[in-house]
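A.B. asks: Sharing input-v8.cif here; it has mmCIF, C-alpha atoms and all ligand atoms.
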data_work
loop_
_atom_site.label_atom_id
_atom_site.label_comp_id
_atom_site.auth_asym_id
_atom_site.auth_seq_id
_atom_site.Cartn_x
_atom_site.Cartn_y
_atom_site.Cartn_z
CA MET A 3 -6.25 44.25 -17.91
CA ASN A 4 -4.90 43.09 -14.56
CA SER A 5 -2.54 40.15 -14.30
CA ASP A 6 -2.06 40.40 -10.49
CA LEU A 7 -4.27 37.48 -9.58
CA LEU A 8 -2.83 35.17 -12.23
CA ILE A 9 0.74 36.06 -11.27
CA GLN A 10 -0.10 35.48 -7.61
CA LEU A 11 -1.64 32.11 -8.35
CA MET A 12 1.29 31.12 -10.52
CA HIS A 13 3.68 31.77 -7.64
CA SER A 14 1.54 30.77 -4.71
CA TYR A 15 3.00 27.27 -4.38
CA LYS A 16 6.46 28.84 -3.99
CA VAL A 17 5.12 31.15 -1.30
CA SER A 18 3.78 28.04 0.46
CA PHE A 19 7.26 26.47 0.29
CA LEU A 20 8.73 29.61 1.82
CA LEU A 21 6.13 29.43 4.58
CA PHE A 22 6.97 25.75 5.27
CA TYR A 23 10.64 26.67 5.42
CA ALA A 24 10.01 29.57 7.80
CA VAL A 25 8.04 27.22 10.07
CA ASP A 26 10.88 24.69 9.87
CA ILE A 27 13.55 27.13 11.02
CA GLY A 28 11.16 28.46 13.64
CA ILE A 29 11.24 32.19 12.84
CA PHE A 30 7.61 32.85 13.79
CA ASN A 31 8.30 31.95 17.42
CA TYR A 32 10.52 35.06 17.59
CA LEU A 33 8.21 37.36 15.69
CA THR A 34 5.56 37.84 18.38
CA ASN A 35 7.37 41.09 19.25
CA GLN A 36 9.10 43.47 16.90
CA ILE A 37 12.48 42.22 15.75
CA ALA A 38 14.96 43.23 13.06
CA ALA A 39 16.09 40.78 10.39
CA ASP A 40 19.70 40.68 11.63
CA ASP A 41 18.63 39.83 15.19
CA LEU A 42 16.31 37.13 13.87
CA CYS A 43 19.25 35.68 11.93
CA LYS A 44 21.34 35.54 15.09
CA ILE A 45 18.60 33.82 17.13
CA CYS A 46 17.83 31.28 14.39
CA SER A 47 21.49 30.81 13.39
CA PHE A 48 20.59 31.84 9.86
CA HIS A 49 23.50 32.88 7.65
CA SER A 50 22.13 35.64 5.41
CA VAL A 51 20.37 38.80 6.55
CA GLU A 52 19.57 39.64 2.94
CA LYS A 53 17.75 36.36 2.33
CA MET A 54 15.96 36.67 5.64
CA GLN A 55 14.75 40.12 4.60
CA ILE A 56 13.48 38.86 1.25
CA MET A 57 11.51 36.14 3.02
CA LEU A 58 10.14 38.52 5.68
CA ASN A 59 9.12 41.10 3.07
CA ILE A 60 7.13 38.48 1.22
CA PHE A 61 5.34 37.59 4.47
CA VAL A 62 4.67 41.29 4.98
CA ARG A 63 3.19 41.62 1.51
CA ILE A 64 0.93 38.59 1.85
CA GLY A 65 -0.31 39.92 5.17
CA LEU A 66 1.20 37.66 7.85
CA LEU A 67 3.65 40.22 9.22
CA LYS A 68 3.69 43.94 9.70
CA LYS A 69 6.77 46.04 9.15
CA GLU A 70 7.78 49.35 10.69
CA GLN A 71 11.10 50.67 9.44
CA GLU A 72 13.44 47.71 9.91
CA TRP A 73 11.26 45.97 12.50
CA TYR A 74 9.09 42.98 11.71
CA CYS A 75 6.31 41.49 13.82
CA LEU A 76 3.50 38.95 13.36
CA LYS A 77 0.10 40.55 12.88
CA SER A 78 -1.91 39.95 16.02
CA GLU A 79 -4.38 37.60 14.31
CA TYR A 80 -1.53 35.24 13.32
CA LYS A 81 0.32 35.10 16.64
CA GLU A 82 -1.78 32.25 18.05
CA LEU A 83 -1.70 30.38 14.75
CA LEU A 84 1.98 30.51 13.89
CA VAL A 85 3.66 30.13 17.26
CA SER A 86 4.39 26.44 17.75
CA THR A 87 3.52 26.26 21.44
CA SER A 88 0.13 27.97 21.33
CA ALA A 89 -3.06 25.94 21.81
CA HIS A 90 -4.43 26.94 18.40
CA SER A 91 -1.15 26.57 16.58
CA MET A 92 -1.40 25.56 12.91
CA VAL A 93 2.30 24.70 12.86
CA HIS A 94 1.65 20.93 12.93
CA LEU A 95 -0.80 21.22 10.07
CA LEU A 96 1.78 23.19 8.09
CA LYS A 97 4.39 20.52 8.86
CA LEU A 98 2.03 17.84 7.65
CA GLU A 99 1.46 19.70 4.40
CA LYS A 100 5.19 20.15 4.01
CA PHE A 101 5.70 16.42 4.55
CA LEU A 102 3.14 15.66 1.83
CA MET A 103 4.67 18.23 -0.49
CA GLU A 104 8.16 16.77 -0.01
CA ASN A 105 7.15 13.17 -0.42
CA TYR A 106 4.50 13.28 -3.08
CA ASN A 107 4.25 15.13 -6.32
CA THR A 108 0.94 16.85 -5.77
CA TYR A 109 0.59 17.83 -9.41
CA ASN A 110 0.95 14.22 -10.54
CA LYS A 111 -1.46 13.15 -7.81
CA LEU A 112 -3.95 15.74 -8.94
CA VAL A 113 -3.73 14.71 -12.59
CA TYR A 114 -4.16 11.08 -11.54
CA ALA A 115 -7.10 11.93 -9.28
CA MET A 116 -8.82 14.02 -11.95
CA GLU A 117 -8.47 11.33 -14.59
CA ASN A 118 -9.13 8.18 -12.58
CA ASP A 119 -11.89 7.06 -10.29
CA SER A 120 -9.96 5.12 -7.69
CA VAL A 121 -9.90 6.19 -4.07
CA ASP A 122 -6.51 6.62 -2.52
CA ASP A 123 -6.16 5.30 1.02
CA PHE A 124 -4.68 8.54 2.24
CA ASN A 125 -4.66 7.77 5.95
CA ASN A 126 -3.03 4.42 5.58
CA GLN A 127 -0.21 5.20 3.23
CA HIS A 128 0.65 8.83 3.18
CA LYS A 129 0.91 9.73 6.80
CA HIS A 130 3.05 6.79 7.83
CA ASN A 131 5.34 7.84 10.70
CA MET A 132 3.52 11.15 10.84
CA GLU A 133 0.91 9.99 13.37
CA TYR A 134 2.20 12.33 16.06
CA THR A 135 2.21 15.40 13.80
CA TYR A 136 -1.16 14.38 12.34
CA GLY A 137 -2.51 13.92 15.87
CA GLN A 138 -1.19 17.33 16.97
CA ALA A 139 -2.63 18.99 13.87
CA MET A 140 -6.05 17.48 14.64
CA GLU A 141 -5.72 18.30 18.32
CA ASN A 142 -4.86 21.96 17.78
CA GLY A 143 -7.28 22.45 14.92
CA GLY A 144 -10.01 20.57 16.77
CA ARG A 145 -9.88 21.96 20.27
CA TYR A 146 -12.26 24.87 19.73
CA ALA A 147 -14.45 22.89 17.32
CA ALA A 148 -14.69 20.05 19.87
CA LEU A 149 -16.06 22.49 22.46
CA GLN A 150 -18.70 23.70 20.04
CA VAL A 151 -19.66 20.25 18.77
CA SER A 152 -19.81 18.70 22.24
CA ARG A 153 -22.57 21.13 23.26
CA ILE A 154 -24.93 19.57 20.73
CA PHE A 155 -24.93 16.36 22.76
CA ARG A 156 -26.64 18.18 25.63
CA LYS A 157 -29.82 17.28 23.73
CA LEU A 158 -29.39 13.76 25.11
CA THR A 159 -31.22 13.89 28.42
CA MET A 160 -31.12 10.20 29.39
CA LYS A 161 -29.23 9.29 32.55
CA GLU A 162 -26.31 7.50 30.92
CA PRO A 163 -26.19 8.29 27.21
CA ARG A 164 -24.21 5.92 25.02
CA ILE A 165 -22.25 7.85 22.45
CA LEU A 166 -20.06 6.77 19.56
CA ASP A 167 -17.38 8.92 17.96
CA VAL A 168 -16.42 7.36 14.63
CA GLY A 169 -12.96 8.40 13.47
CA GLY A 170 -12.46 10.07 16.84
CA GLY A 171 -8.77 10.79 16.15
CA THR A 172 -6.92 11.83 19.29
CA GLY A 173 -10.08 11.68 21.37
CA SER A 174 -10.47 15.44 21.74
CA TYR A 175 -14.15 15.42 20.76
CA ALA A 176 -14.96 12.47 23.03
CA ILE A 177 -13.18 14.24 25.89
CA ALA A 178 -15.13 17.45 25.26
CA ILE A 179 -18.40 15.47 25.21
CA ALA A 180 -17.49 13.65 28.42
CA ASN A 181 -16.93 17.04 30.02
CA VAL A 182 -20.39 18.17 28.98
CA LEU A 183 -22.22 14.91 29.79
CA LYS A 184 -20.65 13.56 32.96
CA ASN A 185 -22.45 10.18 32.87
CA ALA A 186 -21.96 9.45 29.18
CA GLN A 187 -20.27 6.25 28.04
CA ILE A 188 -18.34 7.05 24.90
CA ASP A 189 -16.78 4.65 22.40
CA ILE A 190 -14.25 5.81 19.84
CA TYR A 191 -13.93 3.75 16.65
CA GLU A 192 -10.57 4.39 15.07
CA ARG A 193 -7.82 2.94 12.98
CA PRO A 194 -5.10 1.00 14.84
CA GLU A 195 -2.41 3.58 14.02
CA MET A 196 -4.21 6.20 16.14
CA GLU A 197 -4.49 3.90 19.16
CA SER A 198 -1.51 5.06 21.20
CA VAL A 199 -2.05 8.80 20.59
CA CYS A 200 -5.73 8.39 21.44
CA ARG A 201 -5.28 6.19 24.53
CA ASP A 202 -2.54 8.49 25.90
CA ASN A 203 -4.88 11.46 25.55
CA ILE A 204 -7.70 9.63 27.33
CA ILE A 205 -5.37 8.74 30.21
CA LEU A 206 -3.92 12.27 30.32
CA ASN A 207 -7.44 13.62 30.77
CA ARG A 208 -8.34 10.87 33.31
CA MET A 209 -11.27 9.71 31.21
CA GLU A 210 -10.56 5.94 31.21
CA GLU A 211 -13.86 5.27 33.01
CA SER A 212 -16.02 7.01 30.44
CA ILE A 213 -14.17 6.75 27.11
CA SER A 214 -13.10 3.53 25.36
CA TYR A 215 -10.96 3.29 22.25
CA LYS A 216 -11.95 0.50 19.85
CA SER A 217 -9.99 -0.50 16.82
CA ILE A 218 -12.80 -0.67 14.27
CA ASP A 219 -12.70 0.16 10.59
CA ILE A 220 -16.08 1.71 9.85
CA THR A 221 -15.81 0.87 6.15
CA LYS A 222 -15.50 -2.84 6.94
CA GLU A 223 -17.58 -3.40 10.07
CA GLU A 224 -21.13 -2.71 11.17
CA ILE A 225 -21.88 -0.79 14.34
CA PRO A 226 -22.57 -3.73 16.66
CA GLN A 227 -24.81 -2.02 19.23
CA LYS A 228 -27.30 0.87 19.49
CA TYR A 229 -26.11 4.31 20.52
CA ASP A 230 -28.07 7.38 21.65
CA GLY A 231 -25.70 9.68 19.84
CA ILE A 232 -23.18 9.23 17.05
CA LEU A 233 -20.56 11.77 16.03
CA MET A 234 -18.67 11.76 12.77
CA SER A 235 -16.37 14.73 12.73
CA ASN A 236 -14.22 15.29 9.67
CA LEU A 237 -14.61 11.65 8.72
CA LEU A 238 -16.89 11.54 5.70
CA HIS A 239 -14.67 13.76 3.58
CA LEU A 240 -12.19 10.88 3.40
CA PHE A 241 -14.51 8.69 1.40
CA SER A 242 -16.15 8.29 -1.99
CA ARG A 243 -19.89 8.86 -2.32
CA GLU A 244 -20.51 5.13 -2.31
CA ILE A 245 -18.76 4.70 1.05
CA VAL A 246 -20.37 7.85 2.47
CA LEU A 247 -23.75 6.26 1.75
CA GLN A 248 -22.69 2.97 3.35
CA ILE A 249 -21.48 4.79 6.46
CA MET A 250 -24.69 6.82 6.71
CA LYS A 251 -26.67 3.59 6.56
CA LYS A 252 -24.51 2.03 9.27
CA ALA A 253 -24.95 5.13 11.43
CA SER A 254 -28.70 4.98 11.03
CA ASN A 255 -28.73 1.28 11.97
CA GLY A 256 -26.51 2.04 14.96
CA LEU A 257 -28.86 4.64 16.44
CA SER A 258 -31.66 4.00 18.88
CA LYS A 259 -35.04 5.67 18.20
CA ASP A 260 -34.74 9.46 18.62
CA GLY A 261 -30.98 9.08 18.74
CA ILE A 262 -28.94 11.85 17.14
CA LEU A 263 -26.29 11.77 14.45
CA VAL A 264 -23.96 14.76 14.35
CA LEU A 265 -21.98 15.27 11.17
CA HIS A 266 -19.29 17.88 11.61
CA ASP A 267 -17.45 18.54 8.38
CA PHE A 268 -16.54 20.91 5.55
CA PHE A 269 -20.03 21.23 4.14
CA LEU A 270 -20.67 23.82 1.49
CA GLU A 271 -23.47 26.28 1.09
CA ASP A 272 -26.12 25.53 -1.50
CA ASN A 273 -24.18 27.37 -4.24
CA HIS A 274 -21.26 24.93 -3.68
CA THR A 275 -18.76 27.84 -3.81
CA GLU A 276 -18.75 29.01 -0.18
CA PRO A 277 -17.28 29.09 2.42
CA LEU A 278 -13.82 29.61 0.95
CA GLN A 279 -11.86 27.42 3.38
CA ALA A 280 -14.24 24.51 2.94
CA LEU A 281 -14.02 24.90 -0.83
CA LEU A 282 -10.21 24.96 -0.79
CA PHE A 283 -10.14 21.74 1.22
CA THR A 284 -12.23 20.18 -1.54
CA ILE A 285 -8.96 20.03 -3.51
CA ASP A 286 -7.57 17.71 -0.82
CA TRP A 287 -10.65 15.52 -1.00
CA LEU A 288 -10.25 15.48 -4.80
CA LEU A 289 -6.63 14.38 -4.42
CA ILE A 290 -7.71 11.33 -2.45
CA GLY A 291 -10.46 10.62 -4.94
CA ALA A 292 -13.19 11.47 -2.45
CA LYS A 293 -14.96 14.27 -4.37
CA PHE A 294 -16.49 15.43 -1.09
CA ASN A 295 -18.41 18.58 -1.99
CA TYR A 296 -21.78 18.25 -0.28
CA SER A 297 -23.98 21.15 0.63
CA THR A 298 -26.10 20.94 3.77
CA ASN A 299 -29.09 20.31 1.53
CA ASP A 300 -27.30 17.43 -0.25
CA MET A 301 -26.68 15.86 3.16
CA LYS A 302 -30.28 16.43 4.21
CA LEU A 303 -31.45 14.40 1.21
CA ILE A 304 -28.92 11.63 1.89
CA GLY A 305 -30.08 11.52 5.53
CA GLU A 306 -33.70 11.13 4.48
CA THR A 307 -32.80 8.01 2.52
CA TYR A 308 -31.78 6.41 5.82
CA GLU A 309 -34.63 7.70 8.03
CA LEU A 310 -32.50 10.46 9.42
CA GLU A 311 -34.23 13.82 9.68
CA LEU A 312 -32.08 16.92 9.57
CA VAL A 313 -33.22 19.00 12.54
CA ASP A 314 -30.47 21.55 13.05
CA ILE A 315 -27.62 23.22 11.18
CA LYS A 316 -24.88 24.85 13.20
CA ARG A 317 -22.48 27.20 11.46
CA TYR A 318 -19.63 28.65 13.48
CA LYS A 319 -18.29 32.14 12.99
CA GLU A 320 -14.69 31.15 13.68
CA LEU A 321 -14.72 27.80 11.88
CA PRO A 322 -14.93 26.73 8.23
CA THR A 323 -16.87 23.64 9.30
CA THR A 324 -20.58 23.07 9.93
CA SER A 325 -22.45 20.64 12.17
CA LEU A 326 -25.55 18.90 10.88
CA VAL A 327 -27.81 17.32 13.48
CA PHE A 328 -30.02 14.43 12.38
CA VAL A 329 -32.59 12.55 14.42
CA LYS A 330 -33.40 8.88 13.85
CA ARG A 331 -37.18 8.76 13.61
CA SER A 332 -37.88 5.03 13.50
CA GLU A 333 -36.86 2.03 15.65
C1 LIG A 401 -9.54 14.09 9.72
S1 LIG A 401 -9.48 13.02 11.06
C2 LIG A 401 -10.74 13.64 12.13
C3 LIG A 401 -10.48 13.40 13.57
C4 LIG A 401 -11.50 14.03 14.52
N1 LIG A 401 -12.77 13.38 14.42
C5 LIG A 401 -11.60 15.51 14.23
O1 LIG A 401 -12.65 15.97 13.78
O2 LIG A 401 -10.57 16.22 14.43
C6 LIG A 401 -10.21 11.55 10.45
C7 LIG A 401 -10.03 10.39 11.39
O3 LIG A 401 -10.77 9.28 10.89
C8 LIG A 401 -10.01 8.11 11.09
N2 LIG A 401 -10.45 7.11 10.11
C9 LIG A 401 -10.17 7.09 8.80
N3 LIG A 401 -10.70 6.03 8.20
C10 LIG A 401 -11.36 5.34 9.17
C11 LIG A 401 -12.09 4.14 9.19
N4 LIG A 401 -12.26 3.44 8.06
N5 LIG A 401 -12.63 3.70 10.35
C12 LIG A 401 -12.44 4.42 11.50
N6 LIG A 401 -11.73 5.58 11.54
C13 LIG A 401 -11.19 6.03 10.40
C14 LIG A 401 -8.59 8.58 10.87
O4 LIG A 401 -7.64 7.70 11.45
C15 LIG A 401 -8.59 9.95 11.51
O5 LIG A 401 -8.20 9.93 12.85
#
Do you think you could lay out the structure here as C-alpha cells?

C.D. replies:
Amino acid sequence: MNSDLLIQLMHSYKVSFLLFYAVDIGIFNYLTNQIAADDLCKICSFHSVEKMQIMLNIFVRIGLLKKEQEWYCLKSEYKELLVSTSAHSMVHLLKLEKFLMENYNTYNKLVYAMENDSVDDFNNQHKHNMEYTYGQAMENGGRYAALQVSRIFRKLTMKEPRILDVGGGTGSYAIAIANVLKNAQIDIYERPEMESVCRDNIILNRMEESISYKSIDITKEEIPQKYDGILMSNLLHLFSREIVLQIMKKASNGLSKDGILVLHDFFLEDNHTEPLQALLFTIDWLLIGAKFNYSTNDMKLIGETYELELVDIKRYKELPTTSLVFVKRSE
C-alpha cells in the first residue's frame, strides 16, 4: 500500500497556490544564486522567516529548488523559466493561471463542463483586462516554438508566398516566418482584443511592410482569398469538434493548389495518453467545452475529408506541441 501519490494529488492545488504566491512576491528572481531564507525575507520585505522556510522547503521537495544547509537556490533547469525577465519565462503564464484561479471556481467550471455540452467562450470573457499578460505568456511560451514552426514554411519556394496565420496572437509566429521568408506577405487573422498587442509587436520588429493584422473571426467568416501557406498554431484546441471541422474546411478552401496547412498544437500520440504536458492541457480544453484530444492520426483522417494530405509530422524534443503539415492536393 502506498498513499503518496493520492496524498500528493489531494494537496497539489494548494502547492499551485503557493507557487502563484511565490511568483507574486517575486522570490524566484532572487533565487538564481544561493540565498538564505532570512536574506530573502529582507529583499522581498516578507515578515516571517519561518513561513518563508516552509514555502521554500516545499519547493525543494517538489524539485524546483535545491538546498544546501540553510542556502536555497533555483535548480538550473528552472532559472530561465521562473525568473520574470528571462526570454523563456513562464511567469506570465503562471500569473494568468492565478488570475483564473482567483476569479473562477475551477471545480464548478469542471463539473459544469463535464455535465454540459456548451462551449465556453474562454477568450472573450475570462481574460478580460488580461490581454497584456496573456500576450506575454504566448510570447514567452511561443518564441522557441515560433522559430521551429517558421522553418516549415521554407517549403514554399515561390517568389512572394502569401501566408495566413489564423489566431496569430502577438504576431510572434508571423514575425518568425517573415524572418525566414524575406519576400512573404503575411496576414494575421485575430480577435479585436489582440489588435494593439499584435500591431505594437509588428512595429517593434519593423515588419509593417510584410505583416498585416486583420480583425477576422475565423468561426464567423470565410477566408476571402487563396494563400500558399496557412498556419494555425494553438488555435484549434479552443473549439468544439464541430467548429474544428468547419475551420479545417475553411482552411482547405483558402489554400491554393499544393499550398500547405501547418497545424501546431497539443496533439496526442495514438494511445491518447502521451505526451504528459499535452494530456494535462486537455483538462483546460475540457473546461472550455472543447474536448480537444486529437492524435496525429485523428487529424490525418480529418484532413483527408477536406482534401488535405498529411505529409509531415514534426515533434520537438523541447516542446509538448507537434506540427502537422498538410498539402492541398486539388484546385
Ligand atoms: C492560444 S492563442 C495562440 C496564439 C499563437 N498562435 C501561438 O501559437 O502562440 C490562440 C489565439 O487565437 C485567437 N482566436 C481565438 N478565437 C479566434 C477566432 N474565432 N478567430 C481568430 N482568432 C481567434 C486568440 O485571440 C488567441 O490569440

A.B. asks: With only C-alpha atoms counted, which protein, DNA or RNA residues have an atom no more than 6 Å from (-24.3, 6.1, 28.3) in the file frame? Please answer as an MDAnalysis selection string.

C.D. replies: chainID A and resid 162:164 186:187

A.B. asks: Could you tell me how far CA of Glu133 (chain A) lies from CA of Leu206 (chain A), in Å and to one decimal?

C.D. replies: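 Result for CA of Glu133 (chain A) versus CA of Leu206 (chain A): 17.8 Å, one decimal.
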
A.B. asks: Taking only C-alpha atoms and all ligand atoms into account, report as a PyMOL selection string which residues have an atom no farther than 9 Å from an atom of ligand LIG 401 (chain A).

C.D. replies: chain A and resi 123-126+136-137+139-145+147-148+167-176+190-196+217-223+233-241+266-267

A.B. asks: I'd like the interatomic distance between CA of Lys161 (chain A) and CA of Ser325 (chain A), to a tenth of an Å.

C.D. replies: 24.3 Å

A.B. asks: What is the distance, in Å and to one decimal place, between CA of Gln248 (chain A) and CA of Ile225 (chain A)?

C.D. replies: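 Distance between the two atoms: 11.6 Å.
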
A.B. asks: When you look at Phe269 (chain A) with a cut-off of 7 Å (counting all atoms listed in the file), what residues show up, excluding the ones that are within fewer than 3 positions of it in the same chain? I need them as a VMD selection string.

C.D. replies: chain A and resid 280 295 to 298 323 to 324

A.B. asks: Write out as a list of chain:residue names each polymer residue whose atoms come within 10 Å of Leu96 (chain A), counting only C-alpha atoms; drop sequence neighbours fewer than 5 positions from it.

C.D. replies: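 Counting only C-alpha atoms, the residues come to A:Ser18, A:Leu21, A:Phe22, A:Tyr23, A:Val25, A:Asp26, A:Leu84, A:Ser91, A:Phe101, A:Leu102, A:Thr135, A:Ala139.
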
A.B. asks: Taking (-25.0, 11.0, 13.9) in the coordinates of the supplied file, I want to know which residues reach to within 10 Å of it, counting only C-alpha atoms; could you give the answer as a list in words?

C.D. replies: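 Taken together, the residues in range are Ile165, Leu166, Asp167, Val168, Tyr229, Asp230, Gly231, Ile232, Leu233, Met234, Ser235, Met250, Ala253, Ser254, Gly256, Leu257, Gly261, Ile262, Leu263, Val264, Leu265, His266, Gly305, Leu310, Leu326, Val327, Phe328, Val329 and Lys330 of chain A.
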
A.B. asks: Kindly indicate which residue among A:Tyr32, A:Tyr134, A:Tyr15, A:Phe268 lies nearest to Tyr109 (chain A), using all atoms listed in the file for the distances.

C.D. replies: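 Ranked by minimum distance to Tyr109 (chain A), first place goes to A:Tyr15.
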
A.B. asks: For Ile179 (chain A), which of A:Ile213, A:Leu278, A:Met92, A:Leu11 is the closest residue, counting only C-alpha atoms?

C.D. replies: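 For Ile179 (chain A), the nearest of the candidates is A:Ile213.
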
A.B. asks: A:Val182, A:Lys16, A:Glu333, A:Ile205: which is nearest Ile154 (chain A), counting all atoms listed in the file?

C.D. replies: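 Nearest candidate to Ile154 (chain A) out of A:Val182, A:Lys16, A:Glu333, A:Ile205: A:Val182.
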
A.B. asks: Between A:Glu244, A:Glu311, A:Glu320, A:Glu99, which is the closest to Gln279 (chain A) once you count all atoms listed in the file?

C.D. replies: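 Closest residue, counting all atoms listed in the file: A:Glu320.
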
A.B. asks: Pick out the residues sitting within 9 Å of region 60-73 of chain A, and hand them over as a list in words; count only C-alpha atoms, and ignore anything fewer than 2 positions along from it in its own chain.

C.D. replies: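 The neighbour list is Val17, Leu21, Leu33, Gln36, Ile37, Ala38, Ala39, Gln55, Ile56, Met57, Leu58, Cys75, Leu76, Lys77, Ser78, Glu79 and Tyr80 of chain A.
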